[in-house]
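**Student:** Pasting a structure below so you can have a look.
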Amino acid sequence: MMQPSTPLLDRPDSAPPLPGARGELSDWVLAKLGGRPAGRAIPDPAGADPLGADLQTALLVCYELHYRGFRGVDDGWEWDPALLEFRSGLERAFLARLRGPATGGAADATGPAETVQDAETVLDQITAPRPDARGPVDHLAAGGSWEQMREYFIHRSVYQLKEADPYVWAIPRLRGQAKASLAAVEFDEFGAGRGTQVHSRLFADLLDAAGLDSTYLAYADRAPAPTLAVSNLATTFGLHRALRGALVGHFAVTEGSTGPAAKTLERALTAMAAPDPCVRFYTEHIEADAVHEQVVRHDILRPSLEAEPWLTADVVFGMRAVAMLEADLAAMLLDRWDHGRSSLV
C-alpha cells in the first residue's frame, strides 16, 4: 500500500467515518481499513446474498475509496491488491445475480437486443408512464406523510450526494458526438460552472431544509440493502471499461425517468408546504432532464451504438439492471409504508 504524502493525523479530514458492519464480508473490509487485526483469509462471497446488506455494504466501502475515502483511512488503500481482489469477488456475485435468468435477473426482462432500435424500444418500455402503476413517488403524492417524504430523502441521499459522478468515467471511453454530449450533460449536472448549483449541492440544501443531515454518507448505516444496491450499481458499471455499454444504458434510464418522477414530487412537496429548497431540487430536474432525455437518446445512446454496435446487449443489460433494482427498492418502500412501518434500518 502507498504511504500518505501527509501524515493522517496532520490532515484536516472532511471524509465520512467508516460505516458499521452488516456481516462477515463488510466486517472483513472494515477491519482492514480500520486497523483492526485482519488475519483471516479474504472471505468468499459465494454464500452471501448478492443483493443483501452485508455484500452491498462491503461493496459500498470498497467503492467509496474511489470517491471521498473515509476519515482516518489512508488514501493508498484505493489500489491495494487484496482489496481489489476482494471487490472483484463481490462484483462477480452482484453481476451474476443481475444477469441470472434462473433468478428473474435483469438480462431476461424483454428478450434479446441486437440493434439501436432494440435498445430504444427497451428504453421506451422501461421509462414509459403507466397510468395504473403505483410507486413510492405516487404514494407520496397521494397522501404520503412528511415523515415518509423525509425517509425518501434519506434513501436517495446515499447516491444523490454524489449525483452524476459515476457517469464521468464514461467520457474517456466514448467517441465523437457521444463523448461531447455526455460531457455537456455532466456540465449541467455539475452546475454549469457554478458551485452552488451542482446538483449534489442542491440535494444537500434539500436535506438541510428538511431538518436532515446533509453530511456525505451520513445515513449509510440506516440504508437497507435495496438502497445500497441502487447506489452501487452505477459505480459497478463506471469502474469497468468493459461495462461502458451498461453505464450508458443506466444513464439513459436515469435521465429518461427522473423528469416525470420530479414532477410528481414537486406536486407532492408543494401540497405539503415543504421548504423551498426541497421543491427547488425537483423543479431543477424537471427543467434539466426534459432536455437531457433527448440528448441522451439522440446524441449519446445512438452514436455510441453506431460506433460500437456490439455493445447493444450491454446497454440493454444496464437499462434492465437499474430498472430491476429500482423496482426492488420501490417494493420495499411501499410494503413498509403500507404497513405503517419505517423503511429505514
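Going by the C-alpha cells order, chains are called A, B, ..., each with residues numbered from 1, while ligands are numbered from 1 in the order shown.
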Need the shell around A:Phe86: protein/DNA/RNA residues with any atom at most 9 Å away, counting only C-alpha atoms. Skip same-chain ones fewer than 2 positions apart. Format as a JSON list (two decimals) with N, CA, C and O atoms, in the first residue's frame?
**Tutor:**
[["chain", "number", "residue", "atom", "x", "y", "z"],
["A", 29, "VAL", "N", -13.63, -6.11, 5.42],
["A", 29, "VAL", "CA", -13.05, -4.92, 4.79],
["A", 29, "VAL", "C", -12.94, -3.78, 5.80],
["A", 29, "VAL", "O", -11.97, -3.01, 5.80],
["A", 42, "ILE", "N", -9.19, -13.77, 2.74],
["A", 42, "ILE", "CA", -10.24, -12.99, 2.10],
["A", 42, "ILE", "C", -11.51, -13.83, 2.05],
["A", 42, "ILE", "O", -11.50, -14.95, 1.54],
["A", 43, "PRO", "N", -12.62, -13.35, 2.61],
["A", 43, "PRO", "CA", -13.84, -14.16, 2.65],
["A", 43, "PRO", "C", -14.44, -14.35, 1.26],
["A", 43, "PRO", "O", -14.36, -13.48, 0.40],
["A", 44, "ASP", "N", -15.04, -15.50, 1.05],
["A", 44, "ASP", "CA", -15.66, -15.83, -0.22],
["A", 44, "ASP", "C", -17.11, -15.36, -0.20],
["A", 44, "ASP", "O", -17.88, -15.77, 0.68],
["A", 45, "PRO", "N", -17.51, -14.51, -1.16],
["A", 45, "PRO", "CA", -18.90, -14.03, -1.16],
["A", 45, "PRO", "C", -19.90, -15.03, -1.72],
["A", 45, "PRO", "O", -21.09, -14.73, -1.80],
["A", 62, "CYS", "N", -15.73, -0.45, -0.45],
["A", 62, "CYS", "CA", -14.68, -0.53, -1.46],
["A", 62, "CYS", "C", -14.80, 0.61, -2.47],
["A", 62, "CYS", "O", -13.79, 1.21, -2.86],
["A", 81, "PRO", "N", -3.93, -4.40, -3.59],
["A", 81, "PRO", "CA", -4.26, -5.62, -4.36],
["A", 81, "PRO", "C", -5.25, -6.54, -3.66],
["A", 81, "PRO", "O", -6.14, -7.11, -4.31],
["A", 82, "ALA", "N", -5.10, -6.70, -2.33],
["A", 82, "ALA", "CA", -6.03, -7.59, -1.62],
["A", 82, "ALA", "C", -7.45, -7.04, -1.65],
["A", 82, "ALA", "O", -8.42, -7.81, -1.82],
["A", 83, "LEU", "N", -7.59, -5.73, -1.50],
["A", 83, "LEU", "CA", -8.93, -5.14, -1.55],
["A", 83, "LEU", "C", -9.52, -5.24, -2.95],
["A", 83, "LEU", "O", -10.73, -5.46, -3.11],
["A", 84, "LEU", "N", -8.69, -5.07, -3.97],
["A", 84, "LEU", "CA", -9.20, -5.20, -5.33],
["A", 84, "LEU", "C", -9.64, -6.63, -5.63],
["A", 84, "LEU", "O", -10.65, -6.85, -6.31],
["A", 88, "SER", "N", -13.46, -7.57, -6.48],
["A", 88, "SER", "CA", -13.77, -8.30, -7.70],
["A", 88, "SER", "C", -14.72, -9.46, -7.43],
["A", 88, "SER", "O", -15.65, -9.72, -8.21],
["A", 89, "GLY", "N", -14.53, -10.16, -6.32],
["A", 89, "GLY", "CA", -15.43, -11.25, -5.96],
["A", 89, "GLY", "C", -16.83, -10.75, -5.67],
["A", 89, "GLY", "O", -17.83, -11.38, -6.05],
["A", 90, "LEU", "N", -16.91, -9.61, -4.98],
["A", 90, "LEU", "CA", -18.23, -9.02, -4.70],
["A", 90, "LEU", "C", -18.94, -8.65, -5.99],
["A", 90, "LEU", "O", -20.14, -8.90, -6.17],
["A", 91, "GLU", "N", -18.19, -8.03, -6.91],
["A", 91, "GLU", "CA", -18.79, -7.60, -8.18],
["A", 91, "GLU", "C", -19.25, -8.79, -9.01],
["A", 91, "GLU", "O", -20.32, -8.73, -9.64]]
**Student:** Using 8 Å as the limit and counting only C-alpha atoms, can you tabulate each residue of stretch 56-163 of chain A that touches stretch 292-310 of chain A, with its shortest atom-to-atom distance in Å and the two atoms involved, as a Markdown table?
**Tutor:**
| residue | atom | partner | partner_atom | distance |
| --- | --- | --- | --- | --- |
| A:Glu114 | CA | A:Trp310 | CA | 7.9 |
| A:Thr115 | CA | A:Pro309 | CA | 7.1 |
| A:Val116 | CA | A:Leu305 | CA | 6.2 |
| A:Glu120 | CA | A:Arg297 | CA | 7.8 |
**Student:** Per residue of stretch 104-162 of chain A within 10 Å of stretch 331-344 of chain A, note the shortest atom pair and the distance in Å to one decimal, counting only C-alpha atoms, and order the rows by chain and increasing residue number, as CSV.
**Tutor:**
residue,atom,partner,partner_atom,distance
A:Arg134,CA,A:Leu334,CA,8.9
A:Gly135,CA,A:Leu334,CA,7.3
A:Pro136,CA,A:Leu334,CA,6.2
A:Val137,CA,A:Leu334,CA,9.8
A:His139,CA,A:Leu334,CA,7.7
A:Leu140,CA,A:Trp337,CA,9.9
A:Gly144,CA,A:Trp337,CA,8.6
A:Ser145,CA,A:Trp337,CA,9.6
A:Glu147,CA,A:Ser342,CA,9.2
A:Gln148,CA,A:Trp337,CA,7.6
A:Glu151,CA,A:Ser343,CA,7.1
A:Tyr152,CA,A:Leu333,CA,8.5
A:Ile154,CA,A:Leu344,CA,8.5
A:His155,CA,A:Leu344,CA,8.0
**Student:** Considering only C-alpha atoms, tabulate each residue of stretch 156-223 of chain A that lies at most 12 Å from stretch 311-330 of chain A along with its nearest interatomic pair and the corresponding distance in Å to one decimal; arrange the rows by chain and ascending residue number and present them as JSON lines.
**Tutor:**
{"residue": "A:Arg156", "atom": "CA", "partner": "A:Leu329", "partner_atom": "CA", "distance": 10.7}
{"residue": "A:Leu174", "atom": "CA", "partner": "A:Leu311", "partner_atom": "CA", "distance": 11.6}
{"residue": "A:Ala223", "atom": "CA", "partner": "A:Leu329", "partner_atom": "CA", "distance": 10.8}
**Student:** Hey, can you check how far atom CA of A:Pro172 sits from atom CA of A:Thr254?
**Tutor:** 20.2 Å
**Student:** Name the residues in contact with A:Arg71 at a cut-off of 8 Å, using only C-alpha atoms, excluding same-chain residues fewer than 6 positions from it; report them as a ChimeraX atom specification.
**Tutor:** /A:13-18
**Student:** At a cut-off of 8 Å, using only C-alpha atoms, what residues contact A:Arg150? Leave out same-chain residues fewer than 4 positions from it and give the result as a list in words.
**Tutor:**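 My reading of the contact set: Trp146, Ile154, Ala210 and Leu212 of chain A.
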**Student:** Write out as a ChimeraX atom specification which residues come within 7 Å of stretch 269-285 of chain A when counting only C-alpha atoms, dropping same-chain ones fewer than 5 positions away.
**Tutor:** /A:202-203,205-206,209,259,262
**Student:** Skip A:Leu239 itself and residues of its chain fewer than 5 positions away, then list as a list in words all residues within 10 Å of it, counting only C-alpha atoms.
**Tutor:**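 Once the nearby chain positions are removed, what remains is Tyr63, His66, Pro166, Tyr167, Trp169, Ala170, Ala234, Arg244 and Leu247 of chain A.
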**Student:** To one decimal place, how far is atom CA of A:Glu64 from atom CA of A:Phe94 in Å?
**Tutor:** 16.9 Å
